[in-house]
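Here is query.pdb, consisting of PDB, C-alpha atoms, pLDDT in the B column:
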ATOM      1  CA  MET A   1      -7.630  12.952 -24.423  1.00 55.00           C
ATOM      2  CA  GLU A   2      -4.523  15.095 -24.165  1.00 52.00           C
ATOM      3  CA  PRO A   3      -1.659  14.606 -21.697  1.00 57.00           C
ATOM      4  CA  VAL A   4      -1.718  16.961 -18.703  1.00 64.00           C
ATOM      5  CA  GLU A   5       1.323  18.059 -16.740  1.00 69.00           C
ATOM      6  CA  ASN A   6       1.519  16.411 -13.296  1.00 84.00           C
ATOM      7  CA  ARG A   7      -1.872  14.740 -13.793  1.00 90.00           C
ATOM      8  CA  ALA A   8      -2.898  11.246 -14.837  1.00 93.00           C
ATOM      9  CA  VAL A   9      -5.955  11.388 -17.093  1.00 93.00           C
ATOM     10  CA  LEU A  10      -8.679   8.735 -16.817  1.00 94.00           C
ATOM     11  CA  LEU A  11     -11.489   8.162 -19.297  1.00 93.00           C
ATOM     12  CA  LEU A  12     -14.342   6.289 -17.609  1.00 94.00           C
ATOM     13  CA  ALA A  13     -16.872   4.001 -19.262  1.00 93.00           C
ATOM     14  CA  SER A  14     -19.481   6.684 -18.542  1.00 92.00           C
ATOM     15  CA  GLY A  15     -17.584   9.091 -20.796  1.00 92.00           C
ATOM     16  CA  HIS A  16     -16.390  11.282 -17.932  1.00 92.00           C
ATOM     17  CA  ILE A  17     -12.751  12.378 -17.834  1.00 93.00           C
ATOM     18  CA  LEU A  18     -10.884  12.705 -14.544  1.00 93.00           C
ATOM     19  CA  LYS A  19      -7.559  14.459 -14.040  1.00 93.00           C
ATOM     20  CA  VAL A  20      -5.804  12.740 -11.157  1.00 94.00           C
ATOM     21  CA  ALA A  21      -3.222  14.634  -9.118  1.00 93.00           C
ATOM     22  CA  GLY A  22      -2.711  12.074  -6.355  1.00 94.00           C
ATOM     23  CA  VAL A  23      -3.377   8.468  -5.335  1.00 95.00           C
ATOM     24  CA  LEU A  24      -3.860   6.965  -1.876  1.00 95.00           C
ATOM     25  CA  LEU A  25      -1.348   4.171  -1.171  1.00 95.00           C
ATOM     26  CA  TYR A  26      -0.774   1.969   1.875  1.00 93.00           C
ATOM     27  CA  PRO A  27       2.223   0.488   3.777  1.00 92.00           C
ATOM     28  CA  ALA A  28       3.461  -2.324   1.540  1.00 91.00           C
ATOM     29  CA  GLY A  29       4.947  -4.404   4.353  1.00 89.00           C
ATOM     30  CA  SER A  30       1.618  -4.574   6.166  1.00 90.00           C
ATOM     31  CA  LEU A  31      -0.218  -5.415   2.936  1.00 90.00           C
ATOM     32  CA  ALA A  32       2.162  -8.326   2.362  1.00 89.00           C
ATOM     33  CA  GLU A  33       1.618  -9.574   5.912  1.00 89.00           C
ATOM     34  CA  ILE A  34      -2.164  -9.476   5.461  1.00 87.00           C
ATOM     35  CA  ALA A  35      -1.872 -11.387   2.181  1.00 86.00           C
ATOM     36  CA  THR A  36       0.234 -14.044   3.913  1.00 87.00           C
ATOM     37  CA  ILE A  37      -2.316 -14.477   6.706  1.00 86.00           C
ATOM     38  CA  ARG A  38      -5.157 -14.815   4.188  1.00 84.00           C
ATOM     39  CA  ALA A  39      -3.162 -17.394   2.251  1.00 84.00           C
ATOM     40  CA  GLN A  40      -2.686 -19.393   5.462  1.00 83.00           C
ATOM     41  CA  ALA A  41      -6.436 -19.229   6.082  1.00 82.00           C
ATOM     42  CA  ALA A  42      -7.155 -20.346   2.518  1.00 79.00           C
ATOM     43  CA  GLU A  43      -4.858 -23.342   2.973  1.00 80.00           C
ATOM     44  CA  LYS A  44      -6.690 -24.388   6.139  1.00 75.00           C
ATOM     45  CA  LEU A  45     -10.037 -24.029   4.383  1.00 73.00           C
ATOM     46  CA  GLY A  46      -8.889 -25.962   1.344  1.00 68.00           C
ATOM     47  CA  GLY A  47     -10.129 -23.380  -1.163  1.00 54.00           C
ATOM     48  CA  VAL A  48     -13.565 -22.964   0.418  1.00 50.00           C
ATOM     49  CA  SER A  49     -15.906 -20.586  -1.396  1.00 45.00           C
ATOM     50  CA  THR A  50     -17.956 -18.200   0.734  1.00 44.00           C
ATOM     51  CA  GLY A  51     -20.466 -17.288  -1.964  1.00 40.00           C
ATOM     52  CA  ILE A  52     -18.661 -14.003  -2.655  1.00 34.00           C
ATOM     53  CA  GLY A  53     -15.445 -15.533  -3.910  1.00 40.00           C
ATOM     54  CA  PHE A  54     -12.717 -17.851  -2.746  1.00 36.00           C
ATOM     55  CA  ILE A  55     -10.782 -16.952   0.380  1.00 38.00           C
ATOM     56  CA  GLY A  56      -7.549 -15.224  -0.582  1.00 43.00           C
ATOM     57  CA  SER A  57      -8.795 -13.892  -3.918  1.00 42.00           C
ATOM     58  CA  PRO A  58      -8.394 -10.111  -4.437  1.00 42.00           C
ATOM     59  CA  GLY A  59     -12.127  -9.499  -4.526  1.00 43.00           C
ATOM     60  CA  TRP A  60     -12.789 -11.430  -1.331  1.00 40.00           C
ATOM     61  CA  ALA A  61     -11.809  -8.547   0.939  1.00 47.00           C
ATOM     62  CA  ILE A  62     -14.796  -6.510  -0.248  1.00 40.00           C
ATOM     63  CA  GLY A  63     -17.204  -8.739   1.666  1.00 46.00           C
ATOM     64  CA  ALA A  64     -14.854  -9.894   4.402  1.00 49.00           C
ATOM     65  CA  GLY A  65     -17.304  -9.210   7.229  1.00 50.00           C
ATOM     66  CA  ALA A  66     -20.123 -11.174   5.615  1.00 47.00           C
ATOM     67  CA  ALA A  67     -17.760 -14.011   4.723  1.00 50.00           C
ATOM     68  CA  LEU A  68     -16.600 -14.360   8.319  1.00 51.00           C
ATOM     69  CA  GLY A  69     -20.200 -14.639   9.443  1.00 53.00           C
ATOM     70  CA  LEU A  70     -20.865 -17.412   6.938  1.00 48.00           C
ATOM     71  CA  LEU A  71     -17.752 -19.318   7.959  1.00 50.00           C
ATOM     72  CA  GLU A  72     -18.446 -19.002  11.680  1.00 49.00           C
ATOM     73  CA  GLY A  73     -21.873 -20.503  11.097  1.00 51.00           C
ATOM     74  CA  ALA A  74     -20.425 -23.441   9.189  1.00 48.00           C
ATOM     75  CA  MET A  75     -17.419 -24.344  11.353  1.00 51.00           C
ATOM     76  CA  THR A  76     -17.083 -28.092  11.643  1.00 56.00           C
ATOM     77  CA  SER A  77     -13.358 -28.605  12.183  1.00 66.00           C
ATOM     78  CA  ALA A  78     -10.420 -27.235  14.133  1.00 74.00           C
ATOM     79  CA  ALA A  79      -8.757 -26.149  10.879  1.00 71.00           C
ATOM     80  CA  ARG A  80     -11.787 -24.071   9.938  1.00 74.00           C
ATOM     81  CA  LYS A  81     -11.866 -22.459  13.373  1.00 77.00           C
ATOM     82  CA  ASP A  82      -8.173 -21.600  13.016  1.00 81.00           C
ATOM     83  CA  ALA A  83      -8.890 -20.135   9.583  1.00 79.00           C
ATOM     84  CA  VAL A  84     -11.621 -17.886  10.977  1.00 80.00           C
ATOM     85  CA  LEU A  85      -9.239 -16.600  13.645  1.00 83.00           C
ATOM     86  CA  LEU A  86      -6.651 -15.851  10.972  1.00 82.00           C
ATOM     87  CA  LEU A  87      -9.210 -14.017   8.845  1.00 83.00           C
ATOM     88  CA  GLN A  88     -10.377 -11.991  11.833  1.00 84.00           C
ATOM     89  CA  ARG A  89      -6.777 -11.007  12.486  1.00 85.00           C
ATOM     90  CA  ALA A  90      -6.305 -10.043   8.832  1.00 84.00           C
ATOM     91  CA  ARG A  91      -9.477  -7.957   8.917  1.00 85.00           C
ATOM     92  CA  GLU A  92      -8.320  -6.077  12.026  1.00 86.00           C
ATOM     93  CA  MET A  93      -4.932  -5.443  10.442  1.00 86.00           C
ATOM     94  CA  GLU A  94      -6.602  -4.218   7.273  1.00 86.00           C
ATOM     95  CA  GLN A  95      -8.511  -1.561   9.203  1.00 86.00           C
ATOM     96  CA  SER A  96      -5.230  -0.286  10.664  1.00 87.00           C
ATOM     97  CA  VAL A  97      -3.573  -0.300   7.247  1.00 88.00           C
ATOM     98  CA  LEU A  98      -6.417   1.657   5.669  1.00 87.00           C
ATOM     99  CA  ALA A  99      -6.036   4.284   8.388  1.00 89.00           C
ATOM    100  CA  ALA A 100      -2.298   4.491   7.648  1.00 90.00           C
ATOM    101  CA  GLY A 101      -2.718   5.300   3.955  1.00 92.00           C
ATOM    102  CA  LEU A 102      -0.992   8.356   2.515  1.00 93.00           C
ATOM    103  CA  LEU A 103      -1.913  10.451  -0.503  1.00 94.00           C
ATOM    104  CA  PHE A 104       0.994  10.709  -2.943  1.00 94.00           C
ATOM    105  CA  ARG A 105       1.322  13.117  -5.846  1.00 94.00           C
ATOM    106  CA  VAL A 106       1.454  11.267  -9.159  1.00 93.00           C
ATOM    107  CA  GLY A 107       4.989  12.536  -9.696  1.00 90.00           C
ATOM    108  CA  GLU A 108       6.087  10.680  -6.543  1.00 92.00           C
ATOM    109  CA  ILE A 109       4.684   7.313  -7.644  1.00 94.00           C
ATOM    110  CA  ASN A 110       6.912   4.743  -9.310  1.00 93.00           C
ATOM    111  CA  GLY A 111       5.304   2.820 -12.158  1.00 93.00           C
ATOM    112  CA  ILE A 112       2.634   5.475 -12.759  1.00 93.00           C
ATOM    113  CA  ALA A 113       3.516   5.449 -16.474  1.00 91.00           C
ATOM    114  CA  ARG A 114       1.584   2.181 -16.828  1.00 92.00           C
ATOM    115  CA  PRO A 115      -2.168   1.794 -16.108  1.00 93.00           C
ATOM    116  CA  THR A 116      -1.622  -0.997 -13.579  1.00 93.00           C
ATOM    117  CA  PRO A 117      -2.148   0.226  -9.992  1.00 94.00           C
ATOM    118  CA  ALA A 118      -0.823  -3.080  -8.632  1.00 91.00           C
ATOM    119  CA  GLY A 119       2.629  -1.926  -9.733  1.00 92.00           C
ATOM    120  CA  TRP A 120       2.432   1.591  -8.291  1.00 95.00           C
ATOM    121  CA  THR A 121       4.712   2.275  -5.332  1.00 94.00           C
ATOM    122  CA  ALA A 122       6.068   5.254  -3.435  1.00 94.00           C
ATOM    123  CA  THR A 123       8.610   5.642  -0.656  1.00 93.00           C
ATOM    124  CA  VAL A 124       8.687   7.817   2.442  1.00 90.00           C
ATOM    125  CA  TYR A 125      11.464   8.203   4.993  1.00 86.00           C
ATOM    126  CA  VAL A 126      10.689   8.116   8.700  1.00 80.00           C
ATOM    127  CA  ASP A 127      12.732   8.450  11.869  1.00 80.00           C
ATOM    128  CA  ASP A 128      13.641   5.139  13.473  1.00 79.00           C
ATOM    129  CA  ARG A 129      14.882   5.429  17.073  1.00 86.00           C
ATOM    130  CA  VAL A 130      17.390   2.720  18.002  1.00 87.00           C
ATOM    131  CA  TYR A 131      18.291   2.083  21.644  1.00 88.00           C
ATOM    132  CA  LEU A 132      22.005   1.310  21.829  1.00 87.00           C
ATOM    133  CA  LYS A 133      22.512   0.381  25.474  1.00 85.00           C
ATOM    134  CA  PRO A 134      22.025  -3.409  24.976  1.00 87.00           C
ATOM    135  CA  LEU A 135      24.808  -3.444  22.349  1.00 87.00           C
ATOM    136  CA  ASP A 136      28.415  -4.152  23.223  1.00 89.00           C
ATOM    137  CA  ARG A 137      31.161  -1.743  22.168  1.00 87.00           C
ATOM    138  CA  ARG A 138      31.922  -3.530  18.885  1.00 90.00           C
ATOM    139  CA  GLN A 139      28.260  -3.822  17.856  1.00 89.00           C
ATOM    140  CA  ARG A 140      27.701  -0.186  18.723  1.00 87.00           C
ATOM    141  CA  ALA A 141      30.679   0.937  16.630  1.00 89.00           C
ATOM    142  CA  GLN A 142      29.574  -1.203  13.672  1.00 89.00           C
ATOM    143  CA  LEU A 143      26.048   0.215  13.767  1.00 87.00           C
ATOM    144  CA  LEU A 144      27.286   3.798  13.906  1.00 88.00           C
ATOM    145  CA  SER A 145      29.745   3.192  11.081  1.00 89.00           C
ATOM    146  CA  LYS A 146      27.122   1.483   8.911  1.00 86.00           C
ATOM    147  CA  HIS A 147      24.821   4.486   9.131  1.00 82.00           C
ATOM    148  CA  ARG A 148      27.621   7.070   9.007  1.00 87.00           C
ATOM    149  CA  LYS A 149      26.940   8.279  12.518  1.00 88.00           C
ATOM    150  CA  THR A 150      29.251   9.157  15.405  1.00 89.00           C
ATOM    151  CA  GLU A 151      28.951   9.207  19.179  1.00 88.00           C
ATOM    152  CA  ALA A 152      27.998  12.866  18.851  1.00 90.00           C
ATOM    153  CA  ASP A 153      24.713  11.698  17.281  1.00 87.00           C
ATOM    154  CA  VAL A 154      23.848   9.539  20.310  1.00 87.00           C
ATOM    155  CA  ILE A 155      21.541  11.091  22.915  1.00 88.00           C
ATOM    156  CA  ASP A 156      20.532   9.128  26.031  1.00 89.00           C
ATOM    157  CA  HIS A 157      21.824   5.889  24.464  1.00 86.00           C
ATOM    158  CA  THR A 158      19.505   6.455  21.492  1.00 89.00           C
ATOM    159  CA  ILE A 159      20.254   7.250  17.884  1.00 87.00           C
ATOM    160  CA  VAL A 160      17.790   8.415  15.247  1.00 87.00           C
ATOM    161  CA  LEU A 161      18.138   6.715  11.864  1.00 82.00           C
ATOM    162  CA  SER A 162      16.280   7.369   8.638  1.00 81.00           C
ATOM    163  CA  LYS A 163      14.257   4.360   7.487  1.00 82.00           C
ATOM    164  CA  SER A 164      12.510   3.983   4.148  1.00 85.00           C
ATOM    165  CA  VAL A 165       8.923   2.709   4.094  1.00 89.00           C
ATOM    166  CA  MET A 166       7.358   1.566   0.829  1.00 93.00           C
ATOM    167  CA  PHE A 167       3.705   2.231   0.041  1.00 94.00           C
ATOM    168  CA  ALA A 168       1.604   0.431  -2.564  1.00 94.00           C
ATOM    169  CA  SER A 169      -1.938  -0.138  -3.805  1.00 92.00           C
ATOM    170  CA  ASN A 170      -3.984  -2.488  -1.622  1.00 89.00           C
ATOM    171  CA  GLY A 171      -5.312  -4.414  -4.624  1.00 86.00           C
ATOM    172  CA  ASP A 172      -8.940  -3.293  -4.342  1.00 87.00           C
ATOM    173  CA  ASP A 173     -10.833  -2.412  -7.506  1.00 90.00           C
ATOM    174  CA  PHE A 174     -11.632   0.995  -6.007  1.00 91.00           C
ATOM    175  CA  LEU A 175      -8.793   3.519  -5.855  1.00 92.00           C
ATOM    176  CA  THR A 176      -8.930   6.681  -3.776  1.00 94.00           C
ATOM    177  CA  VAL A 177      -7.688   9.501  -5.984  1.00 95.00           C
ATOM    178  CA  ASP A 178      -7.341  13.263  -5.719  1.00 95.00           C
ATOM    179  CA  THR A 179      -8.897  14.942  -8.751  1.00 93.00           C
ATOM    180  CA  ASP A 180      -9.619  18.469  -9.904  1.00 89.00           C
ATOM    181  CA  ILE A 181     -13.112  18.125  -8.418  1.00 90.00           C
ATOM    182  CA  GLY A 182     -12.055  16.561  -5.121  1.00 92.00           C
ATOM    183  CA  VAL A 183     -10.970  13.291  -3.514  1.00 94.00           C
ATOM    184  CA  MET A 184     -13.064  10.326  -4.630  1.00 94.00           C
ATOM    185  CA  ASP A 185     -13.073   6.545  -5.008  1.00 94.00           C
ATOM    186  CA  VAL A 186     -12.855   5.345  -8.608  1.00 94.00           C
ATOM    187  CA  ARG A 187     -13.621   1.793  -9.730  1.00 94.00           C
ATOM    188  CA  TRP A 188     -10.559   0.917 -11.796  1.00 94.00           C
ATOM    189  CA  SER A 189     -12.438  -1.655 -13.860  1.00 93.00           C
ATOM    190  CA  SER A 190     -14.548   1.230 -15.207  1.00 94.00           C
ATOM    191  CA  VAL A 191     -11.475   2.977 -16.648  1.00 94.00           C
ATOM    192  CA  VAL A 192     -11.377   2.454 -20.417  1.00 95.00           C
ATOM    193  CA  SER A 193      -8.431   4.703 -21.279  1.00 94.00           C
ATOM    194  CA  TYR A 194      -5.449   6.072 -19.382  1.00 94.00           C
ATOM    195  CA  LEU A 195      -2.888   8.788 -20.023  1.00 91.00           C
ATOM    196  CA  ALA A 196       0.170   8.879 -17.793  1.00 91.00           C
ATOM    197  CA  PRO A 197       1.190  12.212 -16.262  1.00 88.00           C
ATOM    198  CA  THR A 198       3.735  14.287 -18.116  1.00 78.00           C
ATOM    199  CA  THR A 199       6.441  16.508 -16.729  1.00 57.00           C
ATOM    200  CA  SER A 200       7.891  19.577 -18.319  1.00 52.00           C
ATOM    201  CA  PRO A 201      11.389  19.157 -19.786  1.00 49.00           C
ATOM    202  CA  PRO A 202      14.133  21.281 -18.235  1.00 49.00           C
ATOM    203  CA  PRO A 203      14.499  24.723 -19.812  1.00 56.00           C
ATOM    204  CA  LEU A 204      17.090  25.141 -22.528  1.00 54.00           C
ATOM    205  CA  PRO A 205      20.230  27.024 -21.487  1.00 58.00           C
ATOM    206  CA  PRO A 206      20.288  30.665 -22.574  1.00 61.00           C
ATOM    207  CA  GLN A 207      22.008  31.319 -25.867  1.00 57.00           C
ATOM    208  CA  THR A 208      25.164  33.375 -25.770  1.00 52.00           C
TER     209      THR A 208
END

Would you mind giving the structure from this file in structure tokens?
Amino acid sequence: MEPVENRAVLLLASGHILKVAGVLLYPAGSLAEIATIRAQAAEKLGGVSTGIGFIGSPGWAIGAGAALGLLEGAMTSAARKDAVLLLQRAREMEQSVLAAGLLFRVGEINGIARPTPAGWTATVYVDDRVYLKPLDRRQRAQLLSKHRKTEADVIDHTIVLSKSVMFASNGDDFLTVDTDIGVMDVRWSSVVSYLAPTTSPPPLPPQT
């Protein structure tokens, strides 16, 4: 395989080569919250196995619906009932997170130089509207100063601030990637070789 500019190159176990221009990532804060809820459920279940893996393990989410059905049919304690409620909540949140995924160009992804999607992140900036009326004069002045804003930026007691939101891989074995032949899901465990994307060096200054 040869490096390709602005593309990550994957060699699959089948022998096929994919040139990846983008990767679908998800809001990292929500992913962390889901992981916390699943960990709480695992603690209540005491490491119960569902037949498709232990609750809280990365692969468990693949069969989450079936696992919930098995647990509901075997509930014998209040702790287990609480765990099922937590897992149902995590599953609902996961559906929302999947819908909130964004496709990032490989050049926008931090950590893309290494073949470990768990370490890939990207950042977007969104508008965050803050209502200032509940603040007293000192708090209002401190907030404006902190974000380098003035009263001229305030409209109807509201100020718009730029907030960074981190995106990351959701930990599934399948990654949604944008390739030269279209967007597809690739099983990462089937990748046997990886070439990180390259970028062109800046042009040399003209000789005088």

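Straight-line separation from atom CA of A:Thr121 to atom CA of A:Ala99: 17.5 Å.
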
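Atom CA of A:Gln40 is found 27.4 Å from atom CA of A:Leu24.
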
Quick one: residues within 9 Å of A:Gly29, all atoms listed in the file, excluding same-chain residues fewer than 2 positions away - as a PDB file with C-alpha atoms, keeping the file's coordinate frame?
ATOM      1  CA  TYR A  26      -0.774   1.969   1.875  1.00 93.00           C
ATOM      2  CA  PRO A  27       2.223   0.488   3.777  1.00 92.00           C
ATOM      3  CA  LEU A  31      -0.218  -5.415   2.936  1.00 90.00           C
ATOM      4  CA  ALA A  32       2.162  -8.326   2.362  1.00 89.00           C
ATOM      5  CA  GLU A  33       1.618  -9.574   5.912  1.00 89.00           C
ATOM      6  CA  ILE A  34      -2.164  -9.476   5.461  1.00 87.00           C
ATOM      7  CA  VAL A 165       8.923   2.709   4.094  1.00 89.00           C
ATOM      8  CA  MET A 166       7.358   1.566   0.829  1.00 93.00           C
ATOM      9  CA  PHE A 167       3.705   2.231   0.041  1.00 94.00           C
TER      10      PHE A 167
END

Notebook entry, point to check: Just how far from atom CA of A:Asn110 is atom CA of A:Asp178, in Å to one decimal?
Noted result: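 Between atom CA of A:Asp178 and atom CA of A:Asn110 the gap works out to 17.0 Å.
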
Check: Taking all atoms listed in the file into account, which of A:Arg38, A:Arg80, A:Arg89, A:Arg114 comes nearest A:Ala8?
Finding: A:Arg114

Checklist line | Non-local contacts of stretch 149-159 of chain A (6 Å; only C-alpha atoms; under 5 positions in same chain excluded) as a ChimeraX atom specification | finding: /A:129-133,144

Item checked: Explicit residue set for the PyMOL selection byres ((chain A and resi 7) around 10), as a list in words -> Pro3, Val4, Glu5, Asn6, Ala8, Val9, Leu10, Leu18, Lys19, Val20, Ala21, Gly22, Arg105, Val106, Gly107, Asp178, Thr179, Asp180, Leu195, Ala196, Pro197, Thr198 and Thr199 of chain A

Notebook entry, point to check: Which is closest to A:Ala35 among A:Val84, A:Val160, A:Gly111, A:Ala90, if we use only C-alpha atoms?
Noted result: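 Once distances to A:Ala35 are computed over only C-alpha atoms, the minimum belongs to A:Ala90.
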
Taking every listed atom of stretch 103-108 of chain A and adding 3 Å to each side, what centre and edge lengths in Å (one decimal) does the axis-aligned box have, as lines of an AutoDock Vina configuration file?
center_x = 2.1
center_y = 11.8
center_z = -5.1
size_x = 14.0
size_y = 8.7
size_z = 15.2

Check: Which polymer residues have any atom within 12 Å of an atom of A:Val124, counting all atoms listed in the file, with same-chain residues fewer than 5 positions away left out, as a list of chain:residue names?
Finding: A:Leu25, A:Tyr26, A:Pro27, A:Ala28, A:Gly101, A:Leu102, A:Leu103, A:Phe104, A:Glu108, A:Ile109, A:Ser162, A:Lys163, A:Ser164, A:Val165, A:Met166, A:Phe167, A:Ala168

Note to self: Calculated over all atoms listed in the file, which of the candidates A:Pro117, A:Asp136, A:Leu143, A:Ser96 has the smallest distance to A:Thr176?
What the structure shows: A:Pro117

Could you tell me which residues the PyMOL selection byres ((chain A and resi 14) around 10) grabs in this file, written as a PDB file with C-alpha atoms, in the frame of the given file?
ATOM      1  CA  LEU A  11     -11.489   8.162 -19.297  1.00 93.00           C
ATOM      2  CA  LEU A  12     -14.342   6.289 -17.609  1.00 94.00           C
ATOM      3  CA  ALA A  13     -16.872   4.001 -19.262  1.00 93.00           C
ATOM      4  CA  GLY A  15     -17.584   9.091 -20.796  1.00 92.00           C
ATOM      5  CA  HIS A  16     -16.390  11.282 -17.932  1.00 92.00           C
ATOM      6  CA  ILE A  17     -12.751  12.378 -17.834  1.00 93.00           C
ATOM      7  CA  SER A 190     -14.548   1.230 -15.207  1.00 94.00           C
ATOM      8  CA  VAL A 191     -11.475   2.977 -16.648  1.00 94.00           C
ATOM      9  CA  VAL A 192     -11.377   2.454 -20.417  1.00 95.00           C
TER      10      VAL A 192
END
